[in-house]
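Chemist: One structure is given below, represented as structure tokens, and several questions about it will come after.
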Amino acid sequence: MKDRIGPLLLAAGVAVLVLTGWRVFFFLTDDAFIAFRYASNSMLGYGLVWNPPPFQPVEGYTSWLWVVLLRWVWWLTGAQPPLAANYLALACGCATLVVGALLVREVALPDRLARVRLALLALVLLGTATNRTFLAWLSSGLETALFNLCVTFWIYQALRRSRPLERRRIFWLSMGAAASALTRPDGLLFAAATIVLVGIDLLEAPGSMRTRVRRAVWSFPLLLPVVHLFWRRAKYGEWLPNTYYAKHLAPWPESGVRYLAAFVLEYALWFWVALVLAWSVVWALKSRRIDPKALVVMGAVLGQVGYYTLQIGGDHFEYRVYSHLILLILVSTVWLLARLDLRPAVALLALGSFVMVSWPVPWVHWWETRDLRTRKETLFMVRPIAERFPTPLRSYVGAFDTLQAWLIRHAVGVRHQEHKIYAEFRQRTLPSREQGERIRWQDHPVHATGQVGVVGWVLPHVAIIDLEGLNDHVVARTASRSAERRMAHDREPPAGYVECFRPNVRARWEPAGGRKLARTRDVRSLGGADGVSAARPAIVPRVAERSTALDDDSIAACEQHYRKLLED
């Protein structure tokens, strides 16, 4: 019983930290409502489409598994996605920490460090549960926490010390890779790495070739991403999600390198880099062999990071595409300290120091921005914090401030607070879903806007023309005429395209009876079942009469005409 007290106390303490952080950073992004709309259209019987037929299907989401999960939770429990999503994300985050603890247990430690394994685990979990990026992506409504869980689980299965791979382990390794690929397209890297890992096992495992092949057959879950790939091609006519075309103009390393540098500075990851360099020297001097399977895992992780850094240019959101690295970096720190053969006190001091130096920049930035509550205060929210630090540290923090200013001006790495306030602003100034459902599809109502998430959710029967192209085939392939790039905002419709669909739903909403909108500090406190205030005055959408009716043939003709122009 005494042996269980420590782990139980640790689990309780981490649970308190995680739940507290989840509440502090709780938010929904406008983009999350895009996934919610796809789930809604599936519930309505249209399938995973953005606009109902006769609009052609378009894949404006990159998270098939997340959308399907939200749709089935809705069907089974009645909990709509804006309510269910963040609870699911929290569950995924907690499960990720459990897998992280299993990873620490798998690290081979010398005897003297093995005696303090629980203390090392406590520091790993403390560093993760107090990390701003980890906590922020326990909510948002996006698939990030699910993806992080899948990747962490895959790495755990890949690096477990038992050799060769047993059938059950091959199955779960393949399931982790398949789930990663179905959650986000970059998960295909882990599926490809799994094929290599199973191939290595075929070469190294004892027994006859027939026995090894029979074991390799248990990697059959890898067929799931292949099936999904052909399903995507059949349904949407593309091998890649529409969002890829909307976001990717050309490689953008000048943005990605800044995005990565800001991540390193904010969380003091130079500490970890220094440990890697020290281990590299020791390894080179002792000429030790590296497990080829570990090299495959490292290659997959670095490939994903390199793709977003050098090709895409980072991400529109605050370190979202690096968020799975937080726990992995801390676990690998334990491995590095073991390889350097440090004394227990030194190893604990080193890991504890790493955790502590990762706190000041992100938490001072959060403290400086936590009370910014209006759209005006948070629009392109750049908040320098160097002056809040002692003089010797101002150059370091000033470099971080400079990176943040450049990135946010280009819509890269936009901070959690801006996304939170923007989604709340949209929810306050749009009708509730109950109001929006009163507009029916029979007359083909159309609304055109550039921020389509919340409006797409609250107007489920209105066709939404996405001016930024995430959910529009034509706009996603039409470049902007602006000279300055902005992440996920580089596209615009061709001339006459929007007008072809005759938008007739007003973009500016008016309260019923002329009442002014209530100002609120937190949409969650208002208690709406759909994530929108149930207590605020009703906001009635306005639908204008068209001089010429829009019918199925007109919609089909518009899409056909502009898609043909793209081909020409």
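Each chain of the structure tokens is named A, B, ... in the order shown, its residues numbered from 1; ligands are numbered from 1 in display order.
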Leaving out Arg343 (chain A) and any residue of its chain fewer than 6 positions from it, which residues lie within 12 Å of it when counting only C-alpha atoms, given as number ranges by chain?
Modeler: A: 109-116, 337, 349-350
Chemist: Using C-alpha atoms, can you export the residues from the last selection as a PDB file, in the first residue's frame?
Modeler:
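Now in out03.pdb:
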ATOM      1  CA  LEU A 109      17.695   3.992 -16.262  1.00  0.00           C
ATOM      2  CA  PRO A 110      20.905   3.078 -14.425  1.00  0.00           C
ATOM      3  CA  ASP A 111      20.285   1.677 -10.956  1.00  0.00           C
ATOM      4  CA  ARG A 112      20.950   4.923  -9.119  1.00  0.00           C
ATOM      5  CA  LEU A 113      18.479   6.862 -11.301  1.00  0.00           C
ATOM      6  CA  ALA A 114      15.929   4.056 -11.217  1.00  0.00           C
ATOM      7  CA  ARG A 115      15.537   4.736  -7.501  1.00  0.00           C
ATOM      8  CA  VAL A 116      14.242   8.267  -8.293  1.00  0.00           C
ATOM      9  CA  LEU A 337      19.999  12.472 -18.388  1.00  0.00           C
ATOM     10  CA  LEU A 349      18.210  19.447 -10.487  1.00  0.00           C
ATOM     11  CA  ALA A 350      18.700  19.554 -14.257  1.00  0.00           C
TER      12      ALA A 350
END
Chemist: Got a sec: who's within 10 Å of Leu249 (chain A), counting only C-alpha atoms, leaving out chain neighbours fewer than 4 positions off, as a PyMOL selection string?
Modeler: chain A and resi 244-245+311-312+476-480+485+487-488+490-491
Chemist: Skip region 3-18 of chain A itself and residues of its chain fewer than 4 positions away, then list as a ChimeraX atom specification all residues within 9 Å of it, counting only C-alpha atoms.
Modeler: /A:22-23,90,93-94,118,122,125-126,129-130,135,138
Chemist: Could you write out, as a count of residues only, all the residues of region 182-401 of chain A that DSSP marks as helix (DSSP H, G or I)?
Modeler: 168
Chemist: Quick one: residues within 9 Å of Thr374 (chain A), only C-alpha atoms counted, chain neighbours fewer than 5 positions away excluded, as a list of chain:residue names?
Modeler: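 Selected residues are A:Leu379, A:Ile421, A:Tyr422, A:Phe425, A:Arg521.
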